[in-house]
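Everything below concerns the one structure shown next.
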Amino acid sequence: MVSRAGYAIEDTTAETEANQAERQTITLISNPVALLVRESASVCFSEKANLGLFDGISVLTNSNPPAAFRSGFGRADEADAREIDLHGQCYDNSGDPEIRVTAMLELGSPLEMIQLLQTPWEERFKICLSLVKLLFYLAHSPLGSIVLLDFQPRQFVMVDGNLKVTDMDDASTEELSCKEDKDCTLEFPTKSFPLKCSAAGKCEGINEKKNLFNAYRYFFTYLLPHSAPPALRPFLGDILNATGDLRYGINETLKAFEKVLHLYKSGLYLQKRPLLLKDYISLKGFRTVEGEDYKCWPSYSHLGCLLSVHGAEEAAAICNSQSQCQSFIVTQRRTWTGRPLASFQSSLTDLIPDANAVVYIKRSTSSGERL
């Protein structure tokens, strides 16, 4: 057993019969580029393929593993699961010496900004929060402050609703050297920021600030403000202004995001208003039949109006603001923040017994229809 490029590698030239029996031939499945690899020894073998399963997990294969994986940096546990997981690796000594190691990487979905703009605000906020946590880690990593030199949405993927970075080859711990402050100007196409030259001859915080401004211009400006709860917009505006001017560092930015998250999860952002549930009749022990109904944006369902709410009172306020809405039900489904999803309907449908459900119907509607 030898170690090369950060991997445990077994020399297959002296492979025993037991190892030969243990080694599993690649089983191709319906997709011609898909494969199933069984990790039964320290060496596994694969055909040239780039999509499949490794130990039952969807993976991408990469014949040139990122430098971050080769050096031991970038492990998902170290980065608080903000980077693509390395599920395993294969070594084949019969091929080109430069590409003998094949990494089995976690499979993610590319970021599509147009699609993201059509998703609920809560999910877009989660993406931005995930990015801020990643940048916080990079700013305080054991290797020093790390900058992503090629900071583009294409460098990130979504895995189970979480944002992860895929390519650390363009990451660097080097900070710009300087002799005086005028050597430390952080340049962007539309803005420039003067920084300080430290006593150590390095531009102070340049890596952190470069990451943060890129997050602002590629993510925050598009994903944060649109369809946000009105009461949270001033807080989000402060984040946009402070990161856009680099008045905030990553520490202050993370605190600001966590404040917004706390206000949102706790319901403290809700403005005081007259109680609206008194205008509704509640039918406990029933729920409505799921089906296609009127649409609202941005909904968690393409069949109807399904929105995240803090509780029944907020749902009543939403129903009152929509002319089509005549009834709603607060479902048992929860978002990543723990908030329930409420389903809004334009008319009364058949009711189904459900001990855990409550249907809320506008009194003006119930007076004209027989329940």
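Quick note on naming: the chains in the structure tokens go A, B, ... in the order shown, residues restart at 1 in each chain, and ligands are numbered from 1 in order of appearance.
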Surrounding residues of segment 140-149 of chain A excluding itself and chain neighbours under 5 positions, 9 Å, only C-alpha atoms, as a PyMOL selection string:
chain A and resi 73+78-79+135+168-175+205-211
Can you tell me, as a list in words, what residues are no more than 12 Å from Arg217 of chain A when counting only C-alpha atoms, ignoring any on the same chain fewer than 2 positions away?
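These residues fall inside the cut-off: Cys128, Phe151, Gln152, Pro153, Phe188, Pro189, Thr190, Lys191, Lys210, Asn211, Leu212, Phe213, Asn214, Ala215, Phe219, Phe220, Thr221, Tyr222, Leu223, Leu224, Leu240, Asn241, Thr243, Gly244, Asp245 and Leu246 of chain A.
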For those residues, write N, CA, C and O atoms to a file as an mmCIF file, in the first residue's frame.
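Writing the result to part-v9.cif gives the following:
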data_model
loop_
_atom_site.group_PDB
_atom_site.id
_atom_site.type_symbol
_atom_site.label_atom_id
_atom_site.label_comp_id
_atom_site.auth_asym_id
_atom_site.auth_seq_id
_atom_site.Cartn_x
_atom_site.Cartn_y
_atom_site.Cartn_z
ATOM 1 N N CYS A 128 -28.283 31.987 -0.056
ATOM 2 C CA CYS A 128 -27.389 33.092 0.320
ATOM 3 C C CYS A 128 -26.765 32.853 1.686
ATOM 4 O O CYS A 128 -25.572 33.136 1.895
ATOM 5 N N PHE A 151 -14.779 33.256 -9.127
ATOM 6 C CA PHE A 151 -16.038 33.260 -8.357
ATOM 7 C C PHE A 151 -17.202 33.505 -9.317
ATOM 8 O O PHE A 151 -17.473 34.638 -9.700
ATOM 9 N N GLN A 152 -17.860 32.415 -9.707
ATOM 10 C CA GLN A 152 -18.991 32.490 -10.625
ATOM 11 C C GLN A 152 -20.062 31.510 -10.149
ATOM 12 O O GLN A 152 -19.745 30.503 -9.513
ATOM 13 N N PRO A 153 -21.330 31.763 -10.459
ATOM 14 C CA PRO A 153 -22.378 30.807 -10.084
ATOM 15 C C PRO A 153 -22.110 29.395 -10.601
ATOM 16 O O PRO A 153 -22.513 28.417 -9.971
ATOM 17 N N PHE A 188 -12.916 46.030 -9.373
ATOM 18 C CA PHE A 188 -14.006 45.299 -10.015
ATOM 19 C C PHE A 188 -14.432 46.095 -11.241
ATOM 20 O O PHE A 188 -14.090 47.278 -11.386
ATOM 21 N N PRO A 189 -15.201 45.494 -12.157
ATOM 22 C CA PRO A 189 -15.569 46.212 -13.379
ATOM 23 C C PRO A 189 -16.271 47.547 -13.132
ATOM 24 O O PRO A 189 -16.079 48.497 -13.895
ATOM 25 N N THR A 190 -17.078 47.640 -12.087
ATOM 26 C CA THR A 190 -17.850 48.874 -11.864
ATOM 27 C C THR A 190 -17.449 49.623 -10.603
ATOM 28 O O THR A 190 -17.939 50.724 -10.373
ATOM 29 N N LYS A 191 -16.577 49.023 -9.775
ATOM 30 C CA LYS A 191 -16.210 49.654 -8.508
ATOM 31 C C LYS A 191 -14.768 49.330 -8.161
ATOM 32 O O LYS A 191 -14.216 48.309 -8.606
ATOM 33 N N LYS A 210 -12.794 40.379 -1.404
ATOM 34 C CA LYS A 210 -13.052 39.987 -2.791
ATOM 35 C C LYS A 210 -14.156 38.936 -2.861
ATOM 36 O O LYS A 210 -15.063 39.018 -3.696
ATOM 37 N N ASN A 211 -14.080 37.943 -1.995
ATOM 38 C CA ASN A 211 -15.146 36.935 -1.941
ATOM 39 C C ASN A 211 -16.496 37.573 -1.639
ATOM 40 O O ASN A 211 -17.513 37.246 -2.261
ATOM 41 N N LEU A 212 -16.511 38.486 -0.667
ATOM 42 C CA LEU A 212 -17.771 39.064 -0.208
ATOM 43 C C LEU A 212 -18.414 39.931 -1.285
ATOM 44 O O LEU A 212 -19.634 39.867 -1.505
ATOM 45 N N PHE A 213 -17.616 40.735 -1.973
ATOM 46 C CA PHE A 213 -18.203 41.575 -3.011
ATOM 47 C C PHE A 213 -18.701 40.731 -4.179
ATOM 48 O O PHE A 213 -19.735 41.035 -4.793
ATOM 49 N N ASN A 214 -18.000 39.645 -4.497
ATOM 50 C CA ASN A 214 -18.480 38.746 -5.545
ATOM 51 C C ASN A 214 -19.797 38.087 -5.147
ATOM 52 O O ASN A 214 -20.684 37.888 -5.981
ATOM 53 N N ALA A 215 -19.916 37.733 -3.862
ATOM 54 C CA ALA A 215 -21.189 37.179 -3.383
ATOM 55 C C ALA A 215 -22.301 38.205 -3.531
ATOM 56 O O ALA A 215 -23.432 37.866 -3.918
ATOM 57 N N PHE A 219 -24.888 36.989 -6.274
ATOM 58 C CA PHE A 219 -25.938 36.277 -5.557
ATOM 59 C C PHE A 219 -26.911 37.222 -4.840
ATOM 60 O O PHE A 219 -28.114 37.175 -5.082
ATOM 61 N N PHE A 220 -26.407 38.039 -3.923
ATOM 62 C CA PHE A 220 -27.287 38.816 -3.045
ATOM 63 C C PHE A 220 -28.227 39.734 -3.835
ATOM 64 O O PHE A 220 -29.419 39.801 -3.535
ATOM 65 N N THR A 221 -27.685 40.439 -4.825
ATOM 66 C CA THR A 221 -28.510 41.418 -5.542
ATOM 67 C C THR A 221 -29.665 40.765 -6.282
ATOM 68 O O THR A 221 -30.722 41.382 -6.462
ATOM 69 N N TYR A 222 -29.492 39.504 -6.695
ATOM 70 C CA TYR A 222 -30.542 38.814 -7.449
ATOM 71 C C TYR A 222 -31.495 38.031 -6.557
ATOM 72 O O TYR A 222 -32.706 37.996 -6.801
ATOM 73 N N LEU A 223 -30.957 37.405 -5.519
ATOM 74 C CA LEU A 223 -31.743 36.437 -4.762
ATOM 75 C C LEU A 223 -32.383 36.985 -3.489
ATOM 76 O O LEU A 223 -33.395 36.452 -3.030
ATOM 77 N N LEU A 224 -31.803 38.026 -2.889
ATOM 78 C CA LEU A 224 -32.291 38.470 -1.582
ATOM 79 C C LEU A 224 -33.559 39.324 -1.615
ATOM 80 O O LEU A 224 -34.501 39.058 -0.860
ATOM 81 N N LEU A 240 -27.536 44.484 1.705
ATOM 82 C CA LEU A 240 -27.129 44.784 0.334
ATOM 83 C C LEU A 240 -26.247 46.030 0.282
ATOM 84 O O LEU A 240 -25.212 46.045 -0.403
ATOM 85 N N ASN A 241 -26.642 47.071 0.987
ATOM 86 C CA ASN A 241 -25.862 48.303 0.965
ATOM 87 C C ASN A 241 -24.482 48.115 1.602
ATOM 88 O O ASN A 241 -23.467 48.593 1.083
ATOM 89 N N THR A 243 -22.728 45.272 2.115
ATOM 90 C CA THR A 243 -21.820 44.382 1.371
ATOM 91 C C THR A 243 -21.446 45.003 0.030
ATOM 92 O O THR A 243 -20.323 44.826 -0.452
ATOM 93 N N GLY A 244 -22.375 45.743 -0.573
ATOM 94 C CA GLY A 244 -22.075 46.401 -1.843
ATOM 95 C C GLY A 244 -21.034 47.491 -1.713
ATOM 96 O O GLY A 244 -20.304 47.783 -2.668
ATOM 97 N N ASP A 245 -20.932 48.095 -0.523
ATOM 98 C CA ASP A 245 -19.911 49.123 -0.263
ATOM 99 C C ASP A 245 -18.724 48.570 0.525
ATOM 100 O O ASP A 245 -17.806 49.317 0.848
ATOM 101 N N LEU A 246 -18.789 47.284 0.845
ATOM 102 C CA LEU A 246 -17.767 46.620 1.665
ATOM 103 C C LEU A 246 -17.576 47.295 3.016
ATOM 104 O O LEU A 246 -16.476 47.328 3.568
#
Among segment 252-345 of chain A, which ones does DSSP assign to strand (DSSP E or B) (computed from the backbone)? Answer as a PyMOL selection string.
chain A and resi 280-288+305-308+327-334+340-345
For Pro353 of chain A, the nearest of the candidates A:Phe328, A:Phe286, A:Tyr300, A:Phe257, counting only C-alpha atoms
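Among A:Phe328, A:Phe286, A:Tyr300, A:Phe257, it is A:Phe286 that comes nearest to Pro353 of chain A.
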Among listed residues A:Phe136, A:Thr337, A:Gln332, A:Gln115, nearest Gly249 of chain A (using only C-alpha atoms)
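The answer is A:Phe136, which sits nearest to Gly249 of chain A.
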Which residues are close to Asp293 of chain A, i.e. within 10 Å by only C-alpha atoms, leaving aside same-chain residues fewer than 4 positions away? Reply as a PDB file with C-alpha atoms, in the first residue's frame.
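Result went into selection.pdb, see below:
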ATOM      1  CA  HIS A 302     -47.174  24.364  -9.412  1.00  0.00           C
ATOM      2  CA  LEU A 303     -50.730  23.078  -8.920  1.00  0.00           C
ATOM      3  CA  GLY A 304     -51.915  25.837  -6.625  1.00  0.00           C
ATOM      4  CA  CYS A 305     -51.035  28.399  -3.976  1.00  0.00           C
ATOM      5  CA  GLN A 324     -59.350  34.438  -5.119  1.00  0.00           C
ATOM      6  CA  CYS A 325     -58.788  32.994  -1.671  1.00  0.00           C
ATOM      7  CA  SER A 343     -52.523  25.773   1.122  1.00  0.00           C
ATOM      8  CA  PHE A 344     -54.960  28.424  -0.153  1.00  0.00           C
ATOM      9  CA  GLN A 345     -58.114  27.589  -2.132  1.00  0.00           C
ATOM     10  CA  SER A 346     -60.503  29.616  -4.229  1.00  0.00           C
ATOM     11  CA  SER A 347     -63.550  27.498  -3.395  1.00  0.00           C
TER      12      SER A 347
END
Just checking: using only C-alpha atoms, which residue out of A:Leu138, A:Lys202, A:Cys178, A:Ser109 ends up closest to Asp160 of chain A?
A:Ser109
Residue list (alpha helix (DSSP H), DSSP) for segment 139-341 of chain A, as an MDAnalysis selection string:
chainID A and resid 139 206:215 221:223 233:244 250:266 312:321
Can you write out the residues you just picked, keeping N, CA and C atoms, as a short mmCIF file (atom, residue, chain, number, x, y, z; two decimals), in the first residue's frame?
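So the final result, stored in result-v4.cif, reads:
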data_model
loop_
_atom_site.label_atom_id
_atom_site.label_comp_id
_atom_site.auth_asym_id
_atom_site.auth_seq_id
_atom_site.Cartn_x
_atom_site.Cartn_y
_atom_site.Cartn_z
N ALA A 139 -12.68 32.54 5.16
CA ALA A 139 -11.96 33.67 5.76
C ALA A 139 -11.19 33.26 7.01
N ILE A 206 -7.88 41.44 1.84
CA ILE A 206 -8.25 41.53 0.43
C ILE A 206 -8.96 40.26 -0.06
N ASN A 207 -8.55 39.09 0.43
CA ASN A 207 -9.20 37.85 0.01
C ASN A 207 -10.65 37.79 0.48
N GLU A 208 -10.85 38.12 1.75
CA GLU A 208 -12.19 38.11 2.33
C GLU A 208 -13.11 39.10 1.61
N LYS A 209 -12.60 40.30 1.35
CA LYS A 209 -13.42 41.33 0.74
C LYS A 209 -13.73 41.01 -0.72
N LYS A 210 -12.79 40.38 -1.40
CA LYS A 210 -13.05 39.99 -2.79
C LYS A 210 -14.16 38.94 -2.86
N ASN A 211 -14.08 37.94 -2.00
CA ASN A 211 -15.15 36.93 -1.94
C ASN A 211 -16.50 37.57 -1.64
N LEU A 212 -16.51 38.49 -0.67
CA LEU A 212 -17.77 39.06 -0.21
C LEU A 212 -18.41 39.93 -1.29
N PHE A 213 -17.62 40.73 -1.97
CA PHE A 213 -18.20 41.57 -3.01
C PHE A 213 -18.70 40.73 -4.18
N ASN A 214 -18.00 39.65 -4.50
CA ASN A 214 -18.48 38.75 -5.54
C ASN A 214 -19.80 38.09 -5.15
N ALA A 215 -19.92 37.73 -3.86
CA ALA A 215 -21.19 37.18 -3.38
C ALA A 215 -22.30 38.21 -3.53
N THR A 221 -27.68 40.44 -4.83
CA THR A 221 -28.51 41.42 -5.54
C THR A 221 -29.66 40.76 -6.28
N TYR A 222 -29.49 39.50 -6.69
CA TYR A 222 -30.54 38.81 -7.45
C TYR A 222 -31.49 38.03 -6.56
N LEU A 223 -30.96 37.40 -5.52
CA LEU A 223 -31.74 36.44 -4.76
C LEU A 223 -32.38 36.99 -3.49
N ARG A 233 -37.60 43.65 4.50
CA ARG A 233 -36.87 44.33 3.42
C ARG A 233 -35.90 45.39 3.91
N PRO A 234 -36.21 46.15 4.97
CA PRO A 234 -35.20 47.10 5.47
C PRO A 234 -33.92 46.42 5.94
N PHE A 235 -34.05 45.26 6.58
CA PHE A 235 -32.87 44.52 7.05
C PHE A 235 -32.07 43.98 5.86
N LEU A 236 -32.78 43.49 4.86
CA LEU A 236 -32.11 42.98 3.66
C LEU A 236 -31.45 44.12 2.89
N GLY A 237 -32.12 45.27 2.88
CA GLY A 237 -31.52 46.45 2.23
C GLY A 237 -30.22 46.87 2.90
N ASP A 238 -30.19 46.78 4.23
CA ASP A 238 -28.95 47.10 4.96
C ASP A 238 -27.83 46.14 4.56
N ILE A 239 -28.16 44.85 4.42
CA ILE A 239 -27.16 43.86 4.02
C ILE A 239 -26.64 44.18 2.62
N LEU A 240 -27.54 44.48 1.71
CA LEU A 240 -27.13 44.78 0.33
C LEU A 240 -26.25 46.03 0.28
N ASN A 241 -26.64 47.07 0.99
CA ASN A 241 -25.86 48.30 0.96
C ASN A 241 -24.48 48.11 1.60
N ALA A 242 -24.45 47.40 2.73
CA ALA A 242 -23.20 47.26 3.47
C ALA A 242 -22.21 46.32 2.78
N THR A 243 -22.73 45.27 2.12
CA THR A 243 -21.82 44.38 1.37
C THR A 243 -21.45 45.00 0.03
N GLY A 244 -22.37 45.74 -0.57
CA GLY A 244 -22.07 46.40 -1.84
C GLY A 244 -21.03 47.49 -1.71
N ILE A 250 -17.01 39.73 6.58
CA ILE A 250 -17.80 38.50 6.58
C ILE A 250 -18.41 38.24 7.96
N ASN A 251 -17.73 38.63 9.04
CA ASN A 251 -18.29 38.42 10.38
C ASN A 251 -19.59 39.19 10.57
N GLU A 252 -19.57 40.49 10.17
CA GLU A 252 -20.77 41.32 10.31
C GLU A 252 -21.88 40.83 9.38
N THR A 253 -21.48 40.36 8.20
CA THR A 253 -22.48 39.86 7.24
C THR A 253 -23.18 38.63 7.78
N LEU A 254 -22.42 37.70 8.35
CA LEU A 254 -23.03 36.50 8.92
C LEU A 254 -23.98 36.85 10.06
N LYS A 255 -23.58 37.79 10.93
CA LYS A 255 -24.45 38.21 12.03
C LYS A 255 -25.75 38.81 11.50
N ALA A 256 -25.65 39.61 10.43
CA ALA A 256 -26.84 40.23 9.85
C ALA A 256 -27.78 39.18 9.26
N PHE A 257 -27.22 38.17 8.59
CA PHE A 257 -28.05 37.09 8.04
C PHE A 257 -28.72 36.31 9.17
N GLU A 258 -27.97 36.01 10.22
CA GLU A 258 -28.54 35.25 11.33
C GLU A 258 -29.63 36.03 12.04
N LYS A 259 -29.51 37.36 12.07
CA LYS A 259 -30.57 38.18 12.65
C LYS A 259 -31.85 38.08 11.83
N VAL A 260 -31.71 38.17 10.50
CA VAL A 260 -32.87 38.03 9.63
C VAL A 260 -33.51 36.65 9.80
N LEU A 261 -32.67 35.62 9.87
CA LEU A 261 -33.20 34.27 10.06
C LEU A 261 -33.96 34.15 11.37
N HIS A 262 -33.43 34.74 12.44
CA HIS A 262 -34.12 34.68 13.73
C HIS A 262 -35.47 35.40 13.67
N LEU A 263 -35.49 36.57 13.07
CA LEU A 263 -36.76 37.32 12.95
C LEU A 263 -37.77 36.52 12.15
N TYR A 264 -37.31 35.87 11.12
CA TYR A 264 -38.21 35.13 10.23
C TYR A 264 -38.75 33.87 10.90
N LYS A 265 -37.87 33.09 11.53
CA LYS A 265 -38.30 31.84 12.16
C LYS A 265 -39.20 32.10 13.37
N SER A 266 -38.91 33.15 14.11
CA SER A 266 -39.67 33.43 15.33
C SER A 266 -40.99 34.15 15.08
N ALA A 312 -51.40 30.31 11.59
CA ALA A 312 -52.72 30.53 11.00
C ALA A 312 -53.03 32.02 10.85
N GLU A 313 -52.56 32.84 11.78
CA GLU A 313 -52.87 34.27 11.70
C GLU A 313 -52.23 34.91 10.47
N GLU A 314 -50.98 34.55 10.19
CA GLU A 314 -50.34 35.08 8.98
C GLU A 314 -51.02 34.52 7.73
N ALA A 315 -51.43 33.26 7.78
CA ALA A 315 -52.13 32.67 6.64
C ALA A 315 -53.44 33.42 6.38
N ALA A 316 -54.14 33.82 7.44
CA ALA A 316 -55.39 34.57 7.28
C ALA A 316 -55.12 35.92 6.61
N ALA A 317 -54.00 36.56 6.99
CA ALA A 317 -53.65 37.84 6.37
C ALA A 317 -53.36 37.67 4.88
N ILE A 318 -52.68 36.57 4.53
CA ILE A 318 -52.39 36.31 3.12
C ILE A 318 -53.68 36.04 2.35
N CYS A 319 -54.56 35.23 2.94
CA CYS A 319 -55.82 34.91 2.28
C CYS A 319 -56.65 36.18 2.06
N ASN A 320 -56.65 37.08 3.04
CA ASN A 320 -57.39 38.33 2.90
C ASN A 320 -56.83 39.21 1.79
N SER A 321 -55.53 39.09 1.53
CA SER A 321 -54.89 39.93 0.52
C SER A 321 -55.06 39.40 -0.89
#
Need to verify the contact set: segment 192-200 of chain A, 7 Å, only C-alpha atoms, exclusion of same-chain residues closer than 2 positions in sequence. Can you return it as a PDB file with N, CA and C atoms, in the first residue's frame?
ATOM      1  N   CYS A 178       2.327  44.342  -0.779  1.00  0.00           N
ATOM      2  CA  CYS A 178       2.283  45.793  -0.930  1.00  0.00           C
ATOM      3  C   CYS A 178       3.423  46.448  -0.163  1.00  0.00           C
ATOM      4  N   LYS A 179       3.707  47.681  -0.539  1.00  0.00           N
ATOM      5  CA  LYS A 179       4.656  48.514   0.191  1.00  0.00           C
ATOM      6  C   LYS A 179       3.966  49.695   0.848  1.00  0.00           C
ATOM      7  N   GLU A 180       2.861  50.126   0.239  1.00  0.00           N
ATOM      8  CA  GLU A 180       2.080  51.234   0.793  1.00  0.00           C
ATOM      9  C   GLU A 180       0.623  51.065   0.385  1.00  0.00           C
ATOM     10  N   ASP A 181      -0.228  51.898   0.984  1.00  0.00           N
ATOM     11  CA  ASP A 181      -1.670  51.732   0.782  1.00  0.00           C
ATOM     12  C   ASP A 181      -2.084  51.812  -0.680  1.00  0.00           C
ATOM     13  N   CYS A 184      -2.821  48.759  -2.724  1.00  0.00           N
ATOM     14  CA  CYS A 184      -3.906  47.869  -2.282  1.00  0.00           C
ATOM     15  C   CYS A 184      -5.267  48.372  -2.749  1.00  0.00           C
ATOM     16  N   THR A 185      -5.484  48.387  -4.026  1.00  0.00           N
ATOM     17  CA  THR A 185      -6.787  48.753  -4.573  1.00  0.00           C
ATOM     18  C   THR A 185      -7.460  47.496  -5.105  1.00  0.00           C
ATOM     19  N   LEU A 186      -8.641  47.198  -4.573  1.00  0.00           N
ATOM     20  CA  LEU A 186      -9.406  46.031  -5.016  1.00  0.00           C
ATOM     21  C   LEU A 186     -10.288  46.470  -6.171  1.00  0.00           C
ATOM     22  N   GLU A 187     -10.019  45.953  -7.364  1.00  0.00           N
ATOM     23  CA  GLU A 187     -10.679  46.410  -8.580  1.00  0.00           C
ATOM     24  C   GLU A 187     -11.768  45.451  -9.027  1.00  0.00           C
ATOM     25  N   PHE A 188     -12.916  46.030  -9.373  1.00  0.00           N
ATOM     26  CA  PHE A 188     -14.006  45.299 -10.015  1.00  0.00           C
ATOM     27  C   PHE A 188     -14.432  46.095 -11.241  1.00  0.00           C
ATOM     28  N   LYS A 202       1.225  43.035   3.395  1.00  0.00           N
ATOM     29  CA  LYS A 202       0.100  42.392   2.711  1.00  0.00           C
ATOM     30  C   LYS A 202      -1.117  43.314   2.758  1.00  0.00           C
ATOM     31  N   CYS A 203      -1.926  43.266   1.698  1.00  0.00           N
ATOM     32  CA  CYS A 203      -3.157  44.060   1.663  1.00  0.00           C
ATOM     33  C   CYS A 203      -4.165  43.446   2.615  1.00  0.00           C
ATOM     34  N   GLU A 204      -4.545  44.190   3.656  1.00  0.00           N
ATOM     35  CA  GLU A 204      -5.367  43.649   4.733  1.00  0.00           C
ATOM     36  C   GLU A 204      -6.756  43.233   4.237  1.00  0.00           C
TER      37      GLU A 204
END
